[in-house]
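Visitor: Below is the structure I would like to discuss, written out as structure tokens.
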Amino acid sequence: RFRAFLAGIPLFSLALAPACALFSMGNDMGKPYGEDAERVVTKQAADVGGASETAVFAAGCFWGIELAFQRVPGVTNTEVGYINGHKENPTYDEVCSGETGHAEALRVEFNPDIVTYDELLTVFWDRLNPTQVNGQGNDIGTQYRSGIYYLSDEQRVAAEASREAEQAKYVEPIATEIQQAETFWPAEKYHQGYLAKGGQCSAKGDLTPIRCYG
């Protein structure tokens, strides 16, 4: 990923075409949603309010996976951050150094009466290459590893079952880790809703291919 913001320049203000070739989720950030994931993203559901649960996923750079989940009906809030490392309140630079052990991650708040955890897992697996070790596309490093971080035994069982089902689609072993969620540290404000702030659609049900920087 380009890191031009380190010089104080927002990435989505730069010329975007060359950058898109350097940032992908799985094989292709702009790949169409698979049939099963599309059904989840486009499902018709009334906003009934009330119940709320939390899920945490990692799938490479957190900008793209956040936009993917913002589009899912029943997802009420998303927040990107860092999880399962050994330093308190890490900064982006520290995480990118690989020395803190964190993964870039997404915390999803959702209404289980509208979208189930299993359906969120369907979208998750659709948006990454789970066989890539410590990276997604050209984003390489332990901070870009893929993972499911469970907050209950029910989530752990569902995650493990989904990984087993997903493995049947691949010859290479799935590298996605499944671990109990430790402290989730929210990322810096400028990372939150990054691609939506850059002009990409985060509306529920939207299937527009996700571009790299806005």
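As shown in the structure tokens, the chain order sets the letters A, B, ...; within each chain, residues go from 1, and ligands are also counted from 1 in the order they appear.
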Taking the DSSP secondary structure from the backbone, can you list the residues of chain A that are helix (DSSP H, G or I), as a ChimeraX atom specification?

Guide: /A:4-7,11-13,17-20,35-41,62-70,92-96,117-126,142-144,153-167,189-191,194-197

Visitor: Please report, as a tab-separated table, each residue of segment 83-133 of chain A lying at most 7 Å from segment 175-187 of chain A, together with the nearest pair of atoms and the separation in Å rounded to one decimal; use only C-alpha atoms, and order rows by chain and ascending residue number.

Guide:
residue	atom	partner	partner_atom	distance
A:Ile83	CA	A:Phe184	CA	4.8
A:Asn84	CA	A:Glu182	CA	5.4
A:Asn89	CA	A:Trp185	CA	5.9
A:Pro130	CA	A:Thr176	CA	5.6
A:Thr131	CA	A:Ala175	CA	5.0
A:Gln132	CA	A:Ala175	CA	6.3
A:Val133	CA	A:Ala175	CA	5.6

Visitor: Once you have the residues from the selection above, write them out as a PDB file, in the first residue's frame, restricted to N, CA and C atoms.

Guide:
ATOM      1  N   ILE A  83      -5.577  -5.691  16.172  1.00  0.00           N
ATOM      2  CA  ILE A  83      -5.949  -6.719  17.139  1.00  0.00           C
ATOM      3  C   ILE A  83      -4.881  -7.800  17.248  1.00  0.00           C
ATOM      4  N   ASN A  84      -4.895  -8.444  18.419  1.00  0.00           N
ATOM      5  CA  ASN A  84      -4.073  -9.619  18.728  1.00  0.00           C
ATOM      6  C   ASN A  84      -2.586  -9.376  18.521  1.00  0.00           C
ATOM      7  N   ASN A  89      -2.272   0.141  22.654  1.00  0.00           N
ATOM      8  CA  ASN A  89      -2.565   1.346  21.879  1.00  0.00           C
ATOM      9  C   ASN A  89      -1.526   1.615  20.788  1.00  0.00           C
ATOM     10  N   PRO A 130      -7.894 -16.661   0.997  1.00  0.00           N
ATOM     11  CA  PRO A 130      -7.554 -17.216   2.309  1.00  0.00           C
ATOM     12  C   PRO A 130      -6.310 -18.081   2.325  1.00  0.00           C
ATOM     13  N   THR A 131      -5.772 -18.424   1.152  1.00  0.00           N
ATOM     14  CA  THR A 131      -4.566 -19.262   1.134  1.00  0.00           C
ATOM     15  C   THR A 131      -3.284 -18.446   1.175  1.00  0.00           C
ATOM     16  N   GLN A 132      -3.387 -17.132   1.034  1.00  0.00           N
ATOM     17  CA  GLN A 132      -2.183 -16.302   1.070  1.00  0.00           C
ATOM     18  C   GLN A 132      -1.724 -16.117   2.515  1.00  0.00           C
ATOM     19  N   VAL A 133      -0.469 -16.370   2.752  1.00  0.00           N
ATOM     20  CA  VAL A 133       0.104 -16.280   4.092  1.00  0.00           C
ATOM     21  C   VAL A 133       0.641 -14.869   4.340  1.00  0.00           C
TER      22      VAL A 133
END

Visitor: Interatomic distance between atom CA of Thr116 of chain A and atom CA of Val75 of chain A?

Guide: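 That distance, rounded to one decimal, is 9.9 Å.
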
Visitor: Would you pick out the contacts of Arg71 of chain A at 6 Å or less, using only C-alpha atoms, so that residues sharing its chain but fewer than 2 positions from it are not included, and give the list as a list in words?

Guide: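 My reading of the contact set: Ala68, Phe69, Ser202, Ala203, Lys204 and Gly205 of chain A.
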
Visitor: Which residue out of A:Pro90, A:Gly81, A:Gly49, A:Pro32 has the minimum interatomic distance to Asp206 of chain A when only C-alpha atoms are used?

Guide: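 Smallest distance to Asp206 of chain A is found for A:Pro32.
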
Visitor: Tell me which of A:Pro112, A:Gly30, A:Gly98, A:Gly198 sits closest to Gly74 of chain A, counting only C-alpha atoms.

Guide: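 For Gly74 of chain A, the nearest of the candidates is A:Pro112.
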
Visitor: Would you mind telling me which residue in A:Glu38, A:Val95, A:Asp139, A:Ala103 lies nearest to Val72 of chain A when using only C-alpha atoms?

Guide: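 Result for the nearest residue to Val72 of chain A: A:Glu38.
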
Visitor: Rounded to one decimal, what separation in Å do you get between atom CA of Gly135 of chain A and atom CA of Thr122 of chain A?

Guide: 19.9 Å

Visitor: Compile the contact shell of Leu195 of chain A as a PDB file with N, CA, C and O atoms, in the first residue's frame: residues with an atom at most 9 Å away, counting only C-alpha atoms, same-chain residues fewer than 2 positions apart removed.

Guide:
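Final output, saved to out.pdb:
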ATOM      1  N   PHE A  12      -6.379   9.580  -1.195  1.00  0.00           N
ATOM      2  CA  PHE A  12      -7.404   9.694  -2.210  1.00  0.00           C
ATOM      3  C   PHE A  12      -7.364  11.023  -2.946  1.00  0.00           C
ATOM      4  O   PHE A  12      -8.157  11.272  -3.838  1.00  0.00           O
ATOM      5  N   TRP A  63      -9.105  -0.987   4.891  1.00  0.00           N
ATOM      6  CA  TRP A  63      -9.976  -0.044   4.170  1.00  0.00           C
ATOM      7  C   TRP A  63     -11.020  -0.774   3.321  1.00  0.00           C
ATOM      8  O   TRP A  63     -12.194  -0.449   3.344  1.00  0.00           O
ATOM      9  N   GLY A  64     -10.559  -1.748   2.544  1.00  0.00           N
ATOM     10  CA  GLY A  64     -11.465  -2.432   1.627  1.00  0.00           C
ATOM     11  C   GLY A  64     -12.477  -3.311   2.323  1.00  0.00           C
ATOM     12  O   GLY A  64     -13.655  -3.336   1.958  1.00  0.00           O
ATOM     13  N   GLU A  66     -13.638  -2.950   5.242  1.00  0.00           N
ATOM     14  CA  GLU A  66     -14.630  -2.117   5.918  1.00  0.00           C
ATOM     15  C   GLU A  66     -15.726  -1.704   4.946  1.00  0.00           C
ATOM     16  O   GLU A  66     -16.915  -1.805   5.265  1.00  0.00           O
ATOM     17  N   LEU A  67     -15.365  -1.246   3.761  1.00  0.00           N
ATOM     18  CA  LEU A  67     -16.372  -0.827   2.803  1.00  0.00           C
ATOM     19  C   LEU A  67     -17.276  -1.996   2.425  1.00  0.00           C
ATOM     20  O   LEU A  67     -18.495  -1.831   2.282  1.00  0.00           O
ATOM     21  N   HIS A 191      -8.241   6.767   9.199  1.00  0.00           N
ATOM     22  CA  HIS A 191      -8.462   5.449   8.604  1.00  0.00           C
ATOM     23  C   HIS A 191      -9.945   5.065   8.593  1.00  0.00           C
ATOM     24  O   HIS A 191     -10.346   4.206   7.819  1.00  0.00           O
ATOM     25  N   GLN A 192     -10.738   5.660   9.474  1.00  0.00           N
ATOM     26  CA  GLN A 192     -12.123   5.233   9.638  1.00  0.00           C
ATOM     27  C   GLN A 192     -12.970   5.637   8.424  1.00  0.00           C
ATOM     28  O   GLN A 192     -12.982   6.793   8.020  1.00  0.00           O
ATOM     29  N   GLY A 193     -13.657   4.652   7.830  1.00  0.00           N
ATOM     30  CA  GLY A 193     -14.493   4.930   6.671  1.00  0.00           C
ATOM     31  C   GLY A 193     -13.715   5.520   5.513  1.00  0.00           C
ATOM     32  O   GLY A 193     -14.246   6.315   4.735  1.00  0.00           O
ATOM     33  N   LYS A 197     -15.202   7.905   2.566  1.00  0.00           N
ATOM     34  CA  LYS A 197     -14.861   9.328   2.572  1.00  0.00           C
ATOM     35  C   LYS A 197     -14.211   9.740   1.253  1.00  0.00           C
ATOM     36  O   LYS A 197     -14.290  10.913   0.860  1.00  0.00           O
ATOM     37  N   GLY A 198     -13.594   8.786   0.578  1.00  0.00           N
ATOM     38  CA  GLY A 198     -12.972   9.065  -0.700  1.00  0.00           C
ATOM     39  C   GLY A 198     -13.943   9.042  -1.860  1.00  0.00           C
ATOM     40  O   GLY A 198     -13.535   9.237  -3.010  1.00  0.00           O
ATOM     41  N   GLY A 199     -15.224   8.783  -1.585  1.00  0.00           N
ATOM     42  CA  GLY A 199     -16.235   8.879  -2.624  1.00  0.00           C
ATOM     43  C   GLY A 199     -16.848   7.576  -3.084  1.00  0.00           C
ATOM     44  O   GLY A 199     -17.754   7.573  -3.918  1.00  0.00           O
ATOM     45  N   GLN A 200     -16.399   6.441  -2.529  1.00  0.00           N
ATOM     46  CA  GLN A 200     -16.986   5.173  -2.932  1.00  0.00           C
ATOM     47  C   GLN A 200     -18.269   4.902  -2.159  1.00  0.00           C
ATOM     48  O   GLN A 200     -18.425   5.324  -1.019  1.00  0.00           O
ATOM     49  N   CYS A 201     -19.163   4.175  -2.804  1.00  0.00           N
ATOM     50  CA  CYS A 201     -20.503   3.972  -2.244  1.00  0.00           C
ATOM     51  C   CYS A 201     -20.494   2.946  -1.117  1.00  0.00           C
ATOM     52  O   CYS A 201     -20.008   1.831  -1.288  1.00  0.00           O
ATOM     53  N   SER A 202     -21.054   3.344   0.021  1.00  0.00           N
ATOM     54  CA  SER A 202     -21.177   2.421   1.152  1.00  0.00           C
ATOM     55  C   SER A 202     -22.637   2.083   1.431  1.00  0.00           C
ATOM     56  O   SER A 202     -22.957   1.540   2.485  1.00  0.00           O
ATOM     57  N   ILE A 210     -15.078  -2.537  -5.597  1.00  0.00           N
ATOM     58  CA  ILE A 210     -14.362  -1.667  -4.658  1.00  0.00           C
ATOM     59  C   ILE A 210     -13.013  -1.296  -5.258  1.00  0.00           C
ATOM     60  O   ILE A 210     -12.192  -2.175  -5.565  1.00  0.00           O
ATOM     61  N   ARG A 211     -12.797  -0.008  -5.420  1.00  0.00           N
ATOM     62  CA  ARG A 211     -11.531   0.481  -5.940  1.00  0.00           C
ATOM     63  C   ARG A 211     -10.557   0.721  -4.787  1.00  0.00           C
ATOM     64  O   ARG A 211     -10.949   0.869  -3.640  1.00  0.00           O
ATOM     65  N   CYS A 212      -9.301   0.854  -5.125  1.00  0.00           N
ATOM     66  CA  CYS A 212      -8.279   0.850  -4.092  1.00  0.00           C
ATOM     67  C   CYS A 212      -8.307   2.064  -3.172  1.00  0.00           C
ATOM     68  O   CYS A 212      -8.297   1.915  -1.974  1.00  0.00           O
ATOM     69  N   TYR A 213      -8.377   3.275  -3.706  1.00  0.00           N
ATOM     70  CA  TYR A 213      -8.201   4.428  -2.834  1.00  0.00           C
ATOM     71  C   TYR A 213      -9.308   5.466  -2.912  1.00  0.00           C
ATOM     72  O   TYR A 213      -9.197   6.510  -2.325  1.00  0.00           O
ATOM     73  N   GLY A 214     -10.365   5.207  -3.621  1.00  0.00           N
ATOM     74  CA  GLY A 214     -11.463   6.157  -3.633  1.00  0.00           C
ATOM     75  C   GLY A 214     -11.740   6.723  -4.993  1.00  0.00           C
ATOM     76  O   GLY A 214     -12.635   7.505  -5.159  1.00  0.00           O
TER      77      GLY A 214
END

Visitor: Which distance in Å separates atom CA of Trp125 of chain A and atom CA of Val108 of chain A, to one decimal?

Guide: 15.1 Å

Visitor: Where in segment 44-180 of chain A does DSSP assign strand (DSSP E or B), given as a PyMOL selection string?

Guide: chain A and resi 53-59+75-83+103-110+135-136+139-140+146-150+177-180

Visitor: Hey, can you spit out that residue selection with N, CA, C and O atoms as a short mmCIF file (atom, residue, chain, number, x, y, z; two decimals), in the first residue's frame?

Guide:
data_model
loop_
_atom_site.label_atom_id
_atom_site.label_comp_id
_atom_site.auth_asym_id
_atom_site.auth_seq_id
_atom_site.Cartn_x
_atom_site.Cartn_y
_atom_site.Cartn_z
N GLU A 53 -24.84 -7.44 18.09
CA GLU A 53 -23.71 -8.31 18.38
C GLU A 53 -22.48 -7.74 17.67
O GLU A 53 -22.59 -6.83 16.85
N THR A 54 -21.31 -8.31 18.00
CA THR A 54 -20.06 -7.81 17.45
C THR A 54 -19.27 -8.96 16.83
O THR A 54 -19.26 -10.08 17.36
N ALA A 55 -18.62 -8.68 15.72
CA ALA A 55 -17.73 -9.64 15.07
C ALA A 55 -16.44 -8.91 14.69
O ALA A 55 -16.45 -7.69 14.49
N VAL A 56 -15.35 -9.65 14.60
CA VAL A 56 -14.06 -9.05 14.24
C VAL A 56 -13.39 -9.91 13.18
O VAL A 56 -13.24 -11.13 13.35
N PHE A 57 -12.99 -9.25 12.08
CA PHE A 57 -12.35 -9.94 10.97
C PHE A 57 -11.09 -9.19 10.54
O PHE A 57 -10.98 -7.98 10.71
N ALA A 58 -10.17 -9.94 9.93
CA ALA A 58 -8.99 -9.33 9.30
C ALA A 58 -8.85 -9.93 7.92
O ALA A 58 -8.95 -11.15 7.74
N ALA A 59 -8.62 -9.05 6.93
CA ALA A 59 -8.54 -9.54 5.54
C ALA A 59 -7.62 -8.62 4.74
O ALA A 59 -8.01 -8.03 3.74
N VAL A 75 -25.69 -4.56 9.24
CA VAL A 75 -24.46 -4.03 9.85
C VAL A 75 -24.75 -2.59 10.27
O VAL A 75 -25.09 -1.75 9.44
N THR A 76 -24.62 -2.33 11.55
CA THR A 76 -25.00 -1.02 12.08
C THR A 76 -23.81 -0.09 12.31
O THR A 76 -23.98 1.12 12.40
N ASN A 77 -22.61 -0.67 12.43
CA ASN A 77 -21.43 0.17 12.62
C ASN A 77 -20.18 -0.63 12.29
O ASN A 77 -20.13 -1.85 12.49
N THR A 78 -19.17 0.06 11.76
CA THR A 78 -17.88 -0.57 11.51
C THR A 78 -16.79 0.33 12.05
O THR A 78 -16.93 1.55 12.10
N GLU A 79 -15.69 -0.30 12.45
CA GLU A 79 -14.54 0.45 12.96
C GLU A 79 -13.29 -0.35 12.65
O GLU A 79 -13.21 -1.54 12.97
N VAL A 80 -12.32 0.29 12.02
CA VAL A 80 -11.06 -0.39 11.73
C VAL A 80 -10.08 -0.18 12.87
O VAL A 80 -10.14 0.82 13.59
N GLY A 81 -9.19 -1.14 13.03
CA GLY A 81 -8.22 -1.04 14.11
C GLY A 81 -7.22 -2.17 14.07
O GLY A 81 -7.00 -2.80 13.02
N TYR A 82 -6.64 -2.45 15.22
CA TYR A 82 -5.55 -3.41 15.33
C TYR A 82 -5.87 -4.41 16.44
O TYR A 82 -6.36 -4.03 17.50
N ILE A 83 -5.58 -5.69 16.17
CA ILE A 83 -5.95 -6.72 17.14
C ILE A 83 -4.88 -7.80 17.25
O ILE A 83 -4.08 -8.02 16.34
N ALA A 103 -2.75 -7.48 13.79
CA ALA A 103 -3.33 -7.56 12.45
C ALA A 103 -4.22 -6.34 12.25
O ALA A 103 -4.88 -5.88 13.18
N GLU A 104 -4.21 -5.80 11.03
CA GLU A 104 -5.20 -4.79 10.69
C GLU A 104 -6.56 -5.49 10.66
O GLU A 104 -6.72 -6.51 9.99
N ALA A 105 -7.51 -4.95 11.37
CA ALA A 105 -8.77 -5.67 11.56
C ALA A 105 -9.97 -4.73 11.47
O ALA A 105 -9.83 -3.50 11.50
N LEU A 106 -11.13 -5.35 11.38
CA LEU A 106 -12.40 -4.62 11.31
C LEU A 106 -13.33 -5.15 12.39
O LEU A 106 -13.57 -6.35 12.47
N ARG A 107 -13.85 -4.22 13.20
CA ARG A 107 -14.88 -4.58 14.18
C ARG A 107 -16.24 -4.23 13.59
O ARG A 107 -16.46 -3.09 13.16
N VAL A 108 -17.12 -5.20 13.55
CA VAL A 108 -18.44 -5.05 12.94
C VAL A 108 -19.52 -5.19 14.01
O VAL A 108 -19.57 -6.20 14.71
N GLU A 109 -20.36 -4.19 14.13
CA GLU A 109 -21.55 -4.31 14.96
C GLU A 109 -22.72 -4.62 14.04
O GLU A 109 -22.89 -3.96 13.01
N PHE A 110 -23.51 -5.62 14.40
CA PHE A 110 -24.58 -6.04 13.51
C PHE A 110 -25.80 -6.49 14.30
O PHE A 110 -25.72 -6.86 15.47
N GLY A 135 -0.51 -11.78 4.18
CA GLY A 135 -0.70 -10.77 3.17
C GLY A 135 -1.97 -10.98 2.38
O GLY A 135 -2.62 -12.03 2.47
N GLN A 136 -2.33 -9.95 1.62
CA GLN A 136 -3.40 -10.03 0.64
C GLN A 136 -2.97 -9.24 -0.58
O GLN A 136 -2.69 -8.04 -0.48
N ASP A 139 -0.17 -6.38 -0.65
CA ASP A 139 0.05 -5.95 0.74
C ASP A 139 0.64 -7.12 1.51
O ASP A 139 -0.06 -8.10 1.80
N ILE A 140 1.90 -7.03 1.82
CA ILE A 140 2.63 -8.14 2.42
C ILE A 140 3.11 -7.77 3.82
O ILE A 140 3.61 -6.67 4.04
N SER A 146 -4.82 -12.74 7.36
CA SER A 146 -6.27 -12.84 7.48
C SER A 146 -6.63 -13.61 8.75
O SER A 146 -5.89 -14.50 9.19
N GLY A 147 -7.75 -13.24 9.34
CA GLY A 147 -8.14 -13.89 10.58
C GLY A 147 -9.59 -13.64 10.94
O GLY A 147 -10.22 -12.68 10.51
N ILE A 148 -10.11 -14.55 11.74
CA ILE A 148 -11.43 -14.40 12.36
C ILE A 148 -11.18 -14.45 13.86
O ILE A 148 -10.57 -15.40 14.37
N TYR A 149 -11.65 -13.42 14.55
CA TYR A 149 -11.36 -13.29 15.98
C TYR A 149 -12.69 -13.37 16.74
O TYR A 149 -13.51 -12.44 16.70
N TYR A 150 -12.89 -14.51 17.36
CA TYR A 150 -14.21 -14.80 17.94
C TYR A 150 -14.35 -14.20 19.34
O TYR A 150 -13.39 -14.05 20.09
N GLU A 177 -6.26 -17.40 10.20
CA GLU A 177 -6.24 -17.85 11.59
C GLU A 177 -7.59 -17.63 12.25
O GLU A 177 -8.33 -16.71 11.90
N ILE A 178 -7.89 -18.47 13.19
CA ILE A 178 -9.09 -18.30 14.02
C ILE A 178 -8.61 -18.27 15.46
O ILE A 178 -8.08 -19.25 15.98
N GLN A 179 -8.78 -17.11 16.10
CA GLN A 179 -8.29 -16.92 17.46
C GLN A 179 -9.31 -16.16 18.29
O GLN A 179 -10.14 -15.42 17.75
N GLN A 180 -9.22 -16.35 19.59
CA GLN A 180 -10.04 -15.55 20.49
C GLN A 180 -9.63 -14.09 20.38
O GLN A 180 -8.43 -13.77 20.34
#

Visitor: Between A:Glu188, A:Glu172, A:Glu160, A:Asp113, which is the closest to Ala45 of chain A once you count only C-alpha atoms?

Guide: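 Checking each of A:Glu188, A:Glu172, A:Glu160, A:Asp113 against Ala45 of chain A, counting only C-alpha atoms, the winner is A:Asp113.
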
Visitor: A:Thr42, A:Thr142, A:Asn111, A:Ser162: which is nearest Cys96 of chain A, counting only C-alpha atoms?

Guide: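 Ranking A:Thr42, A:Thr142, A:Asn111, A:Ser162 by distance to Cys96 of chain A, first place goes to A:Thr142.
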